[in-house]
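Structure file structure-v8.cif (mmCIF, C-alpha atoms (C1' of nucleotides)) follows.
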```
data_model
#
loop_
_atom_site.label_atom_id
_atom_site.label_comp_id
_atom_site.auth_asym_id
_atom_site.auth_seq_id
_atom_site.Cartn_x
_atom_site.Cartn_y
_atom_site.Cartn_z
CA MET A 1 20.97 -1.54 -11.74
CA SER A 2 19.30 1.84 -12.06
CA GLU A 3 22.19 3.45 -13.95
CA LYS A 4 25.06 2.31 -16.07
CA ILE A 5 28.34 2.15 -14.22
CA GLU A 6 30.78 4.80 -15.33
CA ALA A 7 34.32 4.08 -16.50
CA ARG A 8 36.34 2.35 -13.81
CA HIS A 9 39.18 4.25 -12.19
CA SER A 10 40.44 1.36 -10.16
CA VAL A 11 41.13 -2.34 -10.41
CA GLY A 12 39.07 -5.15 -8.94
CA ALA A 13 36.28 -7.56 -9.74
CA LYS A 14 33.32 -6.29 -11.77
CA ARG A 15 29.72 -6.43 -10.77
CA SER A 16 28.20 -9.84 -11.28
CA GLU A 17 25.40 -9.46 -13.80
CA ALA A 18 24.30 -13.00 -13.05
CA SER A 19 23.73 -12.03 -9.44
CA ALA A 20 21.81 -8.89 -10.38
CA GLU A 21 19.69 -10.97 -12.71
CA ALA A 22 18.99 -13.54 -10.00
CA ILE A 23 18.03 -10.80 -7.52
CA LEU A 24 15.60 -9.12 -9.90
CA ASN A 25 14.05 -12.43 -10.91
CA ALA A 26 13.68 -13.52 -7.31
CA ALA A 27 12.06 -10.20 -6.40
CA ALA A 28 9.56 -10.50 -9.26
CA ALA A 29 8.79 -14.10 -8.35
CA ILE A 30 8.10 -13.23 -4.72
CA LEU A 31 5.80 -10.37 -5.71
CA ALA A 32 3.94 -12.62 -8.14
CA GLU A 33 3.64 -15.60 -5.83
CA LYS A 34 3.25 -14.11 -2.37
CA GLY A 35 2.51 -10.43 -2.91
CA TYR A 36 3.95 -7.24 -1.55
CA SER A 37 3.49 -8.09 2.12
CA SER A 38 6.01 -10.92 1.71
CA PHE A 39 8.46 -8.80 -0.24
CA SER A 40 11.49 -8.33 2.01
CA ILE A 41 15.19 -7.94 1.31
CA GLU A 42 15.80 -11.03 3.41
CA ALA A 43 13.40 -13.09 1.30
CA VAL A 44 14.80 -11.81 -1.99
CA ALA A 45 18.38 -12.52 -0.93
CA LYS A 46 17.50 -16.00 0.22
CA ARG A 47 15.61 -16.87 -2.95
CA ALA A 48 18.32 -15.42 -5.20
CA ARG A 49 21.06 -17.16 -3.18
CA ALA A 50 22.62 -13.73 -2.88
CA GLY A 51 24.00 -11.92 0.13
CA LYS A 52 22.07 -9.03 1.59
CA PRO A 53 25.07 -6.70 1.25
CA THR A 54 25.06 -7.37 -2.48
CA ILE A 55 21.52 -6.08 -2.69
CA TYR A 56 22.16 -3.08 -0.48
CA ARG A 57 25.28 -2.24 -2.46
CA TRP A 58 23.31 -1.76 -5.67
CA TRP A 59 19.86 -0.75 -4.51
CA PRO A 60 19.57 1.91 -1.83
CA SER A 61 16.17 0.73 -0.58
CA LYS A 62 13.44 -1.81 -0.99
CA ALA A 63 11.47 0.75 -2.98
CA ALA A 64 14.36 1.19 -5.44
CA LEU A 65 14.52 -2.54 -6.02
CA LEU A 66 10.76 -2.66 -6.49
CA LEU A 67 10.90 0.11 -9.09
CA ASP A 68 13.69 -1.66 -10.95
CA VAL A 69 11.62 -4.84 -11.04
CA TYR A 70 8.67 -2.82 -12.24
CA HIS A 71 10.58 -1.14 -15.08
CA ARG A 72 12.16 -4.41 -16.11
CA GLN A 73 8.91 -6.26 -16.60
CA LYS A 74 7.17 -3.62 -18.71
CA ARG A 75 6.17 -5.05 -22.06
CA PRO A 76 4.18 -3.42 -24.86
CA ILE A 77 0.60 -4.64 -25.09
CA PRO A 78 -0.29 -5.79 -28.61
CA ASP A 79 -2.60 -3.29 -30.27
CA HIS A 80 -4.36 -4.13 -33.55
CA ASP A 81 -6.18 -1.68 -35.77
CA THR A 82 -9.68 -3.05 -36.31
CA GLY A 83 -10.99 0.05 -38.00
CA SER A 84 -13.26 0.81 -35.04
CA LEU A 85 -12.00 3.10 -32.28
CA GLU A 86 -14.31 1.57 -29.69
CA ASP A 87 -13.14 -1.94 -30.52
CA ASP A 88 -9.50 -0.87 -30.59
CA ALA A 89 -9.75 0.72 -27.15
CA PHE A 90 -11.72 -2.18 -25.72
CA ASN A 91 -9.36 -4.80 -27.12
CA PHE A 92 -6.33 -2.92 -25.88
CA LEU A 93 -7.63 -2.66 -22.32
CA ARG A 94 -8.88 -6.22 -22.34
CA GLU A 95 -5.38 -7.36 -23.32
CA LEU A 96 -3.89 -5.15 -20.60
CA PHE A 97 -6.20 -6.72 -18.01
CA ARG A 98 -5.37 -10.20 -19.23
CA ASN A 99 -1.68 -9.36 -18.95
CA TRP A 100 -2.16 -8.04 -15.42
CA ARG A 101 -4.05 -11.17 -14.44
CA GLU A 102 -1.83 -13.79 -16.04
CA THR A 103 1.70 -12.44 -15.66
CA PRO A 104 3.56 -11.05 -12.64
CA SER A 105 3.01 -7.53 -14.00
CA GLY A 106 -0.29 -7.04 -12.17
CA SER A 107 1.17 -7.94 -8.78
CA ILE A 108 4.23 -5.83 -9.42
CA PHE A 109 2.23 -2.80 -10.47
CA ARG A 110 -0.10 -3.16 -7.50
CA SER A 111 2.97 -3.16 -5.28
CA VAL A 112 4.19 0.06 -6.88
CA ILE A 113 0.77 1.59 -6.27
CA ALA A 114 0.95 0.55 -2.61
CA GLU A 115 4.47 1.85 -2.20
CA ALA A 116 3.53 5.15 -3.86
CA GLN A 117 1.10 5.89 -1.06
CA SER A 118 3.99 6.58 1.31
CA ASN A 119 7.01 6.95 -0.98
CA GLU A 120 7.52 9.96 -3.21
CA ALA A 121 9.88 8.18 -5.64
CA ALA A 122 7.25 5.54 -6.31
CA ALA A 123 4.58 8.24 -6.66
CA LYS A 124 6.76 10.01 -9.20
CA ALA A 125 7.19 6.77 -11.16
CA LEU A 126 3.43 6.35 -11.10
CA ARG A 127 2.86 9.83 -12.51
CA ALA A 128 5.39 9.17 -15.28
CA TYR A 129 3.75 5.88 -16.15
CA ARG A 130 0.34 7.50 -16.22
CA LYS A 131 1.61 10.08 -18.68
CA GLU A 132 3.16 7.36 -20.82
CA ARG A 133 -0.06 5.36 -20.84
CA LYS A 134 -2.11 8.46 -21.64
CA THR A 135 0.14 9.24 -24.60
CA HIS A 136 -0.06 5.68 -25.86
CA THR A 137 -3.83 5.48 -25.58
CA ALA A 138 -4.17 8.89 -27.19
CA GLY A 139 -2.25 7.37 -30.14
CA ILE A 140 -5.06 4.89 -30.66
CA ILE A 141 -7.49 7.77 -30.80
CA GLU A 142 -5.25 9.77 -33.15
CA ARG A 143 -5.22 6.78 -35.48
CA ALA A 144 -9.01 6.88 -35.60
CA LYS A 145 -8.81 10.58 -36.28
CA THR A 146 -6.74 10.02 -39.43
CA ARG A 147 -9.42 7.56 -40.55
CA GLY A 148 -11.98 10.31 -40.15
CA GLU A 149 -13.76 8.40 -37.40
CA VAL A 150 -13.17 11.23 -34.95
CA PRO A 151 -13.51 14.98 -35.62
CA SER A 152 -10.12 16.54 -36.32
CA ASP A 153 -10.40 19.31 -33.75
CA ILE A 154 -10.78 17.25 -30.60
CA ASP A 155 -8.22 16.57 -27.86
CA PRO A 156 -7.73 12.81 -27.37
CA PHE A 157 -5.77 13.13 -24.12
CA VAL A 158 -8.69 13.62 -21.75
CA ALA A 159 -10.44 10.44 -22.79
CA ALA A 160 -7.11 8.60 -22.90
CA ASP A 161 -6.31 9.63 -19.34
CA LEU A 162 -9.76 8.60 -18.15
CA MET A 163 -9.18 5.17 -19.66
CA THR A 164 -5.96 4.92 -17.69
CA CYS A 165 -7.75 5.92 -14.48
CA TYR A 166 -10.41 3.30 -15.09
CA ALA A 167 -7.85 0.58 -15.77
CA TRP A 168 -5.83 1.38 -12.66
CA THR A 169 -8.90 1.42 -10.45
CA GLN A 170 -10.01 -1.94 -11.80
CA LEU A 171 -6.57 -3.30 -10.94
CA LEU A 172 -6.27 -1.83 -7.46
CA ALA A 173 -9.80 -2.82 -6.47
CA GLY A 174 -9.40 -6.34 -7.87
CA ASN A 175 -11.97 -6.11 -10.69
CA LEU A 176 -10.02 -7.20 -13.73
CA ASP A 177 -12.63 -9.72 -14.86
CA ASP A 178 -15.44 -7.29 -15.53
CA GLU A 179 -15.45 -7.20 -19.34
CA GLU A 180 -19.00 -5.89 -19.46
CA GLY A 181 -18.07 -2.91 -17.31
CA LEU A 182 -15.03 -2.30 -19.48
CA ARG A 183 -17.18 -2.32 -22.59
CA ARG A 184 -19.56 0.24 -21.11
CA ALA A 185 -16.77 2.48 -19.84
CA VAL A 186 -15.00 2.53 -23.18
CA ARG A 187 -18.24 3.18 -25.00
CA HIS A 188 -19.03 6.13 -22.76
CA LEU A 189 -15.55 7.59 -23.17
CA ILE A 190 -15.65 7.28 -26.97
CA SER A 191 -19.28 8.20 -27.53
CA PRO A 192 -18.82 12.00 -27.54
CA TRP A 193 -17.15 11.67 -30.92
CA THR A 194 -19.18 8.97 -32.54
CA VAL A 195 -22.79 10.03 -31.97
CA MET B 1 -15.17 -1.46 17.74
CA SER B 2 -16.59 -3.02 14.63
CA GLU B 3 -19.64 -4.47 16.31
CA LYS B 4 -21.73 -3.71 19.29
CA ILE B 5 -21.09 -5.96 22.26
CA GLU B 6 -23.92 -8.35 22.91
CA ALA B 7 -25.67 -8.71 26.25
CA ARG B 8 -23.25 -9.77 28.98
CA HIS B 9 -23.57 -13.18 30.51
CA SER B 10 -20.93 -12.66 33.12
CA VAL B 11 -19.64 -10.09 35.54
CA GLY B 12 -16.54 -7.95 35.21
CA ALA B 13 -15.34 -4.59 33.98
CA LYS B 14 -16.78 -3.24 30.73
CA ARG B 15 -14.83 -2.07 27.75
CA SER B 16 -13.33 1.36 28.20
CA GLU B 17 -14.81 3.58 25.51
CA ALA B 18 -12.35 6.30 26.44
CA SER B 19 -9.51 3.96 25.58
CA ALA B 20 -11.07 2.94 22.27
CA GLU B 21 -11.56 6.60 21.43
CA ALA B 22 -7.95 7.42 22.27
CA ILE B 23 -6.70 4.51 20.13
CA LEU B 24 -8.74 5.53 17.09
CA ASN B 25 -7.74 9.17 17.44
CA ALA B 26 -4.09 8.30 17.84
CA ALA B 27 -4.23 6.05 14.78
CA ALA B 28 -5.81 8.79 12.68
CA ALA B 29 -3.28 11.36 13.90
CA ILE B 30 -0.32 9.14 13.03
CA LEU B 31 -1.68 8.48 9.54
CA ALA B 32 -2.28 12.20 8.99
CA GLU B 33 1.04 13.38 10.38
CA LYS B 34 3.53 10.67 9.43
CA GLY B 35 1.77 8.50 6.87
CA TYR B 36 1.14 4.81 6.55
CA SER B 37 4.79 3.76 6.77
CA SER B 38 4.86 5.04 10.37
CA PHE B 39 1.57 3.40 11.26
CA SER B 40 2.40 0.61 13.71
CA ILE B 41 0.50 -0.89 16.62
CA GLU B 42 3.41 0.05 18.84
CA ALA B 43 3.20 3.69 17.77
CA VAL B 44 -0.58 3.82 18.15
CA ALA B 45 -0.44 2.28 21.64
CA LYS B 46 2.27 4.68 22.75
CA ARG B 47 0.46 7.76 21.43
CA ALA B 48 -2.87 6.66 22.90
CA ARG B 49 -1.22 5.72 26.21
CA ALA B 50 -2.83 2.33 25.80
CA GLY B 51 -1.41 -1.14 26.11
CA LYS B 52 -0.86 -3.22 23.01
CA PRO B 53 -2.99 -6.07 24.38
CA THR B 54 -5.90 -3.63 24.59
CA ILE B 55 -5.59 -2.93 20.88
CA TYR B 56 -5.18 -6.57 19.91
CA ARG B 57 -8.11 -7.55 22.08
CA TRP B 58 -10.50 -5.41 20.05
CA TRP B 59 -8.90 -5.27 16.61
CA PRO B 60 -7.62 -8.53 15.14
CA SER B 61 -5.03 -6.86 12.92
CA LYS B 62 -3.49 -3.58 11.90
CA ALA B 63 -5.66 -3.63 8.79
CA ALA B 64 -8.82 -3.94 10.90
CA LEU B 65 -7.81 -0.91 12.94
CA LEU B 66 -7.04 1.01 9.77
CA LEU B 67 -10.45 0.19 8.32
CA ASP B 68 -12.16 1.30 11.53
CA VAL B 69 -10.31 4.61 11.39
CA TYR B 70 -11.29 4.95 7.77
CA HIS B 71 -14.99 4.32 8.39
CA ARG B 72 -15.00 6.65 11.38
CA GLN B 73 -13.66 9.67 9.51
CA LYS B 74 -16.03 9.46 6.54
CA ARG B 75 -17.98 12.66 6.22
CA PRO B 76 -20.49 13.68 3.53
CA ILE B 77 -19.10 16.19 1.05
CA PRO B 78 -21.39 19.24 0.67
CA ASP B 79 -23.16 19.14 -2.66
CA HIS B 80 -25.10 22.16 -3.93
CA ASP B 81 -27.48 22.20 -6.84
CA THR B 82 -26.33 24.95 -9.19
CA GLY B 83 -28.68 24.03 -12.00
CA SER B 84 -25.79 22.88 -14.16
CA LEU B 85 -24.72 19.24 -14.09
CA GLU B 86 -21.19 20.02 -15.17
CA ASP B 87 -20.79 22.60 -12.42
CA ASP B 88 -22.39 20.32 -9.83
CA ALA B 89 -20.02 17.49 -10.65
CA PHE B 90 -17.00 19.76 -10.82
CA ASN B 91 -17.80 21.47 -7.53
CA PHE B 92 -18.43 18.17 -5.81
CA LEU B 93 -15.11 16.69 -6.87
CA ARG B 94 -13.26 19.92 -6.12
CA GLU B 95 -14.68 19.82 -2.59
CA LEU B 96 -13.71 16.16 -2.28
CA PHE B 97 -10.16 16.96 -3.35
CA ARG B 98 -9.99 19.88 -0.93
CA ASN B 99 -11.20 17.59 1.84
CA TRP B 100 -8.59 14.97 0.94
CA ARG B 101 -5.88 17.63 0.95
CA GLU B 102 -6.82 19.50 4.12
CA THR B 103 -8.11 16.83 6.48
CA PRO B 104 -6.67 13.47 7.55
CA SER B 105 -9.12 11.74 5.23
CA GLY B 106 -6.78 11.83 2.25
CA SER B 107 -3.92 10.17 4.13
CA ILE B 108 -6.26 7.63 5.65
CA PHE B 109 -7.83 6.71 2.33
CA ARG B 110 -4.43 6.44 0.65
CA SER B 111 -3.43 4.02 3.40
CA VAL B 112 -6.52 1.92 2.74
CA ILE B 113 -5.60 1.85 -0.95
CA ALA B 114 -2.08 0.72 -0.08
CA GLU B 115 -3.33 -1.95 2.30
CA ALA B 116 -5.84 -3.19 -0.27
CA GLN B 117 -3.00 -4.17 -2.59
CA SER B 118 -2.09 -7.08 -0.33
CA ASN B 119 -5.13 -7.47 1.95
CA GLU B 120 -8.44 -8.84 0.73
CA ALA B 121 -10.49 -7.26 3.53
CA ALA B 122 -9.22 -3.82 2.59
CA ALA B 123 -9.82 -4.56 -1.09
CA LYS B 124 -13.38 -5.51 -0.25
CA ALA B 125 -13.88 -2.27 1.66
CA LEU B 126 -12.53 -0.41 -1.34
CA ARG B 127 -14.99 -2.07 -3.69
CA ALA B 128 -17.86 -1.24 -1.34
CA TYR B 129 -16.76 2.38 -1.08
CA ARG B 130 -16.45 2.62 -4.84
CA LYS B 131 -20.02 1.40 -5.22
CA GLU B 132 -21.20 3.89 -2.60
CA ARG B 133 -19.42 6.76 -4.36
CA LYS B 134 -20.78 5.67 -7.73
CA THR B 135 -24.32 5.66 -6.36
CA HIS B 136 -23.87 9.07 -4.79
CA THR B 137 -22.41 10.64 -7.93
CA ALA B 138 -25.13 9.02 -10.03
CA GLY B 139 -27.57 10.88 -7.77
CA ILE B 140 -26.16 14.20 -8.95
CA ILE B 141 -26.75 13.08 -12.52
CA GLU B 142 -30.26 11.86 -11.72
CA ARG B 143 -31.02 15.29 -10.30
CA ALA B 144 -30.03 16.84 -13.62
CA LYS B 145 -32.23 14.30 -15.36
CA THR B 146 -35.31 15.48 -13.47
CA ARG B 147 -34.45 19.02 -14.59
CA GLY B 148 -34.46 17.80 -18.17
CA GLU B 149 -30.78 18.58 -18.60
CA VAL B 150 -30.04 14.93 -19.37
CA PRO B 151 -32.08 12.60 -21.61
CA SER B 152 -34.32 10.40 -19.51
CA ASP B 153 -33.19 7.10 -21.04
CA ILE B 154 -29.50 7.20 -20.14
CA ASP B 155 -27.64 5.26 -17.45
CA PRO B 156 -25.83 7.63 -15.09
CA PHE B 157 -23.75 4.93 -13.40
CA VAL B 158 -21.05 4.56 -16.03
CA ALA B 159 -20.10 8.23 -15.97
CA ALA B 160 -20.43 8.29 -12.17
CA ASP B 161 -18.03 5.36 -11.82
CA LEU B 162 -15.55 6.95 -14.21
CA MET B 163 -15.61 10.08 -12.04
CA THR B 164 -14.77 7.93 -9.03
CA CYS B 165 -11.90 6.29 -10.91
CA TYR B 166 -10.54 9.67 -11.90
CA ALA B 167 -10.76 11.01 -8.35
CA TRP B 168 -9.02 7.98 -6.84
CA THR B 169 -6.24 8.09 -9.39
CA GLN B 170 -5.66 11.78 -8.72
CA LEU B 171 -5.38 10.96 -5.02
CA LEU B 172 -3.09 7.97 -5.32
CA ALA B 173 -0.77 9.66 -7.81
CA GLY B 174 -0.64 12.87 -5.76
CA ASN B 175 -2.39 15.19 -8.23
CA LEU B 176 -5.15 16.76 -6.17
CA ASP B 177 -4.28 20.32 -7.18
CA ASP B 178 -5.02 19.97 -10.87
CA GLU B 179 -8.33 21.84 -11.14
CA GLU B 180 -7.92 22.39 -14.86
CA GLY B 181 -7.58 18.66 -15.45
CA LEU B 182 -10.60 18.06 -13.26
CA ARG B 183 -12.62 20.53 -15.28
CA ARG B 184 -11.69 18.85 -18.55
CA ALA B 185 -12.36 15.35 -17.21
CA VAL B 186 -15.80 16.28 -15.89
CA ARG B 187 -16.65 18.06 -19.11
CA HIS B 188 -15.72 15.02 -21.16
CA LEU B 189 -17.74 12.69 -18.95
CA ILE B 190 -20.82 14.91 -19.07
CA SER B 191 -20.58 15.99 -22.71
CA PRO B 192 -22.30 12.94 -24.23
CA TRP B 193 -25.58 14.23 -22.81
CA THR B 194 -25.21 17.96 -23.32
CA VAL B 195 -24.01 18.34 -26.90
"C1'" DA C 1 -20.08 -4.45 51.55
"C1'" DT C 2 -17.75 -8.24 49.48
"C1'" DC C 3 -16.61 -11.23 45.83
"C1'" DT C 4 -15.22 -12.20 41.25
"C1'" DA C 5 -14.81 -11.91 36.31
"C1'" DA C 6 -13.13 -9.05 32.94
"C1'" DA C 7 -10.59 -5.05 30.95
"C1'" DC C 8 -6.85 -2.16 31.76
"C1'" DG C 9 -1.65 -0.44 31.16
"C1'" DG C 10 3.02 -1.95 31.49
"C1'" DA C 11 6.75 -5.07 30.84
"C1'" DA C 12 8.85 -8.79 28.76
"C1'" DC C 13 8.94 -12.63 25.57
"C1'" DG C 14 10.53 -15.14 20.98
"C1'" DA C 15 10.31 -14.29 16.12
"C1'" DT C 16 11.27 -11.74 12.08
"C1'" DA C 17 13.26 -8.18 9.09
"C1'" DC C 18 15.89 -4.32 9.22
"C1'" DG C 19 20.56 -2.24 7.74
"C1'" DT C 20 25.44 -3.03 8.78
"C1'" DT C 21 29.85 -5.28 9.63
"C1'" DT C 22 33.10 -8.97 9.23
"C1'" DC C 23 35.16 -12.63 6.83
"C1'" DA C 24 37.03 -15.85 3.42
"C1'" DT C 25 36.76 -16.51 -1.47
"C1'" DA C 26 36.48 -15.33 -6.37
"C1'" DT C 27 37.43 -12.25 -10.13
"C1'" DC C 28 39.16 -8.81 -12.81
"C1'" DG C 29 42.68 -4.93 -14.36
"C1'" DA C 30 47.16 -3.04 -14.12
"C1'" DT D 1 51.57 -11.73 -10.28
"C1'" DC D 2 49.43 -8.67 -7.36
"C1'" DG D 3 46.16 -5.55 -5.52
"C1'" DA D 4 41.56 -3.83 -5.50
"C1'" DT D 5 36.84 -4.91 -5.57
"C1'" DA D 6 32.60 -7.86 -5.67
"C1'" DT D 7 30.70 -11.92 -3.90
"C1'" DG D 8 27.95 -15.20 -0.47
"C1'" DA D 9 27.61 -16.43 4.27
"C1'" DA D 10 27.22 -15.41 8.91
"C1'" DA D 11 26.62 -12.58 12.80
"C1'" DC D 12 25.57 -8.30 14.85
"C1'" DG D 13 22.37 -4.68 17.38
"C1'" DT D 14 17.87 -2.49 16.64
"C1'" DA D 15 12.97 -2.25 15.89
"C1'" DT D 16 8.39 -4.02 15.44
"C1'" DC D 17 5.73 -7.82 15.32
"C1'" DG D 18 1.96 -10.51 17.87
"C1'" DT D 19 1.66 -12.77 22.37
"C1'" DT D 20 1.95 -13.69 27.31
"C1'" DC D 21 2.22 -12.57 32.01
"C1'" DC D 22 1.30 -9.53 35.84
"C1'" DG D 23 -0.57 -6.40 39.15
"C1'" DT D 24 -4.32 -2.96 39.21
"C1'" DT D 25 -8.87 -1.19 38.34
"C1'" DT D 26 -13.66 -1.60 37.25
"C1'" DA D 27 -18.33 -3.08 37.74
"C1'" DG D 28 -21.97 -6.67 37.95
"C1'" DA D 29 -23.45 -10.47 41.15
"C1'" DT D 30 -24.11 -12.09 45.73
#
```

Write out the structure in this file as structure tokens.
Amino acid sequence: MSEKIEARHSVGAKRSEASAEAILNAAAAILAEKGYSSFSIEAVAKRARAGKPTIYRWWPSKAALLLDVYHRQKRPIPDHDTGSLEDDAFNFLRELFRNWRETPSGSIFRSVIAEAQSNEAAAKALRAYRKERKTHTAGIIERAKTRGEVPSDIDPFVAADLMTCYAWTQLLAGNLDDEEGLRRAVRHLISPWTV
Amino acid sequence: MSEKIEARHSVGAKRSEASAEAILNAAAAILAEKGYSSFSIEAVAKRARAGKPTIYRWWPSKAALLLDVYHRQKRPIPDHDTGSLEDDAFNFLRELFRNWRETPSGSIFRSVIAEAQSNEAAAKALRAYRKERKTHTAGIIERAKTRGEVPSDIDPFVAADLMTCYAWTQLLAGNLDDEEGLRRAVRHLISPWTV
DNA sequence: ATCTAAACGGAACGATACGTTTCATATCGA
DNA sequence: TCGATATGAAACGTATCGTTCCGTTTAGAT
């Protein structure tokens, strides 16, 4: 699933996309319902009504399957321009937290975090995602810059990265409900430019 | 190991502290040398030359043993007063990162983070440690307040917590060598009070 | 000094998940 | 039509799990 299959040089049946779909859905469902400690190839195969060899043929390891599930479930978080940088940042992170709480994405991402503590491929994926998030959040700040809400000579990436760090820590420590803390954190990160 | 044994009401051999010591040391060594994926009760027992029943008698689960190892290795990070809050915070976190890199503590803490993603007891320990760190870091800021470097009416806990979030994320993503990033992050977190 | 309760290390248990192999069946391309 | 390949199901040997038994050692009670 990681890469597109190159042009065939031989005859034979093609990969069953229905099976791949069922495997990825089953994996996501197990992570969402029972968490990473229950995530096993056996369990995924059983739930997907697939054979274990089918999974091992296409995913070299449990971690590879996990990362595929993770990439598949990524969805953009809605981000509205309210005209206030602090509100934009707060609303964005509040929506992210809500998404983590109410969809499988939180469980899946927590699993990637866990896996990354002893798996370099997962750690690499985590670093890439952090960079992506930082860039996205910096975009919110850039938007405020063009409004003149933020001085034009500042670097938005430091504050954007710190927002990412805060969000991740809230997730991994199980603190996604603390809206008051979120409000204070965002305010502190934005305040250097708005005082 | 978690709690002191209460007064005995019956005869018999006492717990072997030498064995407990060997088990905890073996567990820490395995985490440091081979990481959390190699951390098994079997491996700990073998390395400590202890029996598995001895481990299970005193620690109800692998997670409980991990948390005991984690609490046992905690050491205070040296923290000097340079007269500059930014330098104090930077130096403290740089020392913390060096400690995480060069002692088993980094591997052990990463394992606790991993475990906390599917274990509520570990997640609880993580929240407690975060609070402890936040309080400690806030102390560095309070010290600057008494010097007059920081306005007396501000709340140091938000910035202190954001420093903790940044440090943890650098650890879990494997970015402990980025001193330049650390410098920028600390500067941004401190700047609201020093502009 | 002897007795006895408890902890010890070692060995083995059944259970579970691992990754692999075998097999009969289904599916596609030449 | 035919041959190559993917599929699901089942079984395999291995490893670790958490537990149980066992014989030995330790130390408080008698």

ask   = Would you list which chain D residues are within 9 Å of chain B using all atoms listed in the file, as a ChimeraX atom specification?
value = /D:16-19,25-29

Sorted per-residue table, chain C near chain B, closest atoms and distance, 9 Å, all atoms listed in the file, as a tab-separated table:
```
residue	atom	partner	partner_atom	distance
C:DT4	C1'	B:Gly12	CA	7.5
C:DA5	C1'	B:Gly12	CA	4.5
C:DA6	C1'	B:Gly12	CA	4.2
C:DA7	C1'	B:Ala13	CA	5.7
C:DC8	C1'	B:Thr54	CA	7.4
C:DG9	C1'	B:Gly51	CA	5.1
C:DG10	C1'	B:Gly51	CA	7.0
```

Written selection (C-alpha atoms (C1' of nucleotides)) as a PDB file, in the frame of the given file:
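So part-v3.pdb came out as:
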```pdb
ATOM      1  C1'  DT C   4     -15.220 -12.200  41.250  1.00  0.00           C
ATOM      2  C1'  DA C   5     -14.810 -11.910  36.310  1.00  0.00           C
ATOM      3  C1'  DA C   6     -13.130  -9.050  32.940  1.00  0.00           C
ATOM      4  C1'  DA C   7     -10.590  -5.050  30.950  1.00  0.00           C
ATOM      5  C1'  DC C   8      -6.850  -2.160  31.760  1.00  0.00           C
ATOM      6  C1'  DG C   9      -1.650  -0.440  31.160  1.00  0.00           C
ATOM      7  C1'  DG C  10       3.020  -1.950  31.490  1.00  0.00           C
TER       8       DG C  10
END
```

query = Quick one: of C:DA24, C:DA12, C:DA30, C:DC3, who's nearest to DC2 of chain D, counting all atoms listed in the file?
reply =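 Nearest candidate to DC2 of chain D out of C:DA24, C:DA12, C:DA30, C:DC3: C:DA30.
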
note = Counting only C-alpha atoms, the residue among A:Phe90, A:Lys34, A:Leu96, A:Ala63 that lies closest to chain B is A:Lys34

request  = Identify all residues satisfying the PyMOL selection byres ((chain A) within 9 of (chain B)) in the given file; provide them as a VMD selection string.
outcome  = chain A and resid 35 to 37 107 110 to 111 113 to 119 123 to 124 126 to 127 130 158 to 159 161 to 170 172 to 175 181 184 to 185 188 to 189 191 to 193 195

ask   = What residues come out when you apply the PyMOL selection byres ((chain D and resi 12) around 12) to this file, written as a ChimeraX atom specification?
value = /C:18-22 /D:10-11,13-14

note = In Å and to one decimal, atom CA of His136 of chain B is distant from atom CA of Ile154 of chain B by 16.5 Å

Result set of the PyMOL selection byres ((chain B and resi 91) around 12) on the coordinates above, as a compact mmCIF listing (two decimals) with C-alpha atoms, keeping the file's coordinate frame:
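Ended up saving to selection-v4.txt:
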```txt
# COMPACT_ATOMS: atom_id res chain seq x y z
CA ILE B 77 -19.10 16.19 1.05
CA PRO B 78 -21.39 19.24 0.67
CA ASP B 79 -23.16 19.14 -2.66
CA HIS B 80 -25.10 22.16 -3.93
CA ASP B 81 -27.48 22.20 -6.84
CA THR B 82 -26.33 24.95 -9.19
CA SER B 84 -25.79 22.88 -14.16
CA LEU B 85 -24.72 19.24 -14.09
CA GLU B 86 -21.19 20.02 -15.17
CA ASP B 87 -20.79 22.60 -12.42
CA ASP B 88 -22.39 20.32 -9.83
CA ALA B 89 -20.02 17.49 -10.65
CA PHE B 90 -17.00 19.76 -10.82
CA PHE B 92 -18.43 18.17 -5.81
CA LEU B 93 -15.11 16.69 -6.87
CA ARG B 94 -13.26 19.92 -6.12
CA GLU B 95 -14.68 19.82 -2.59
CA LEU B 96 -13.71 16.16 -2.28
CA PHE B 97 -10.16 16.96 -3.35
CA ARG B 98 -9.99 19.88 -0.93
CA THR B 137 -22.41 10.64 -7.93
CA ILE B 140 -26.16 14.20 -8.95
CA GLU B 179 -8.33 21.84 -11.14
CA LEU B 182 -10.60 18.06 -13.26
CA ARG B 183 -12.62 20.53 -15.28
CA VAL B 186 -15.80 16.28 -15.89
```

ask   = So what do you get for atom CA of Lys74 of chain A versus atom CA of Ile108 of chain A, distance-wise?
value =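 So the two atoms, atom CA of Lys74 of chain A and atom CA of Ile108 of chain A, lie 10.0 Å apart.
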
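Straight-line separation from atom CA of Ala138 of chain B to atom CA of Arg133 of chain A: 27.5 Å.
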
ask   = Neighbours of Arg75 of chain B within 12 Å (all atoms listed in the file; same-chain residues fewer than 5 positions away dropped), as a list in words?
value =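 That gives Tyr70, Glu95, Leu96, Asn99, Trp100, Thr103, Pro104, Ser105 and Gly106 of chain B.
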
request  = Have a look at C:DA1, C:DA11, C:DG29, C:DC23 and name the one nearest to DC21 of chain D; count only C-alpha atoms (C1' of nucleotides).
outcome  =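 For DC21 of chain D, the nearest of the given residues is C:DA11.
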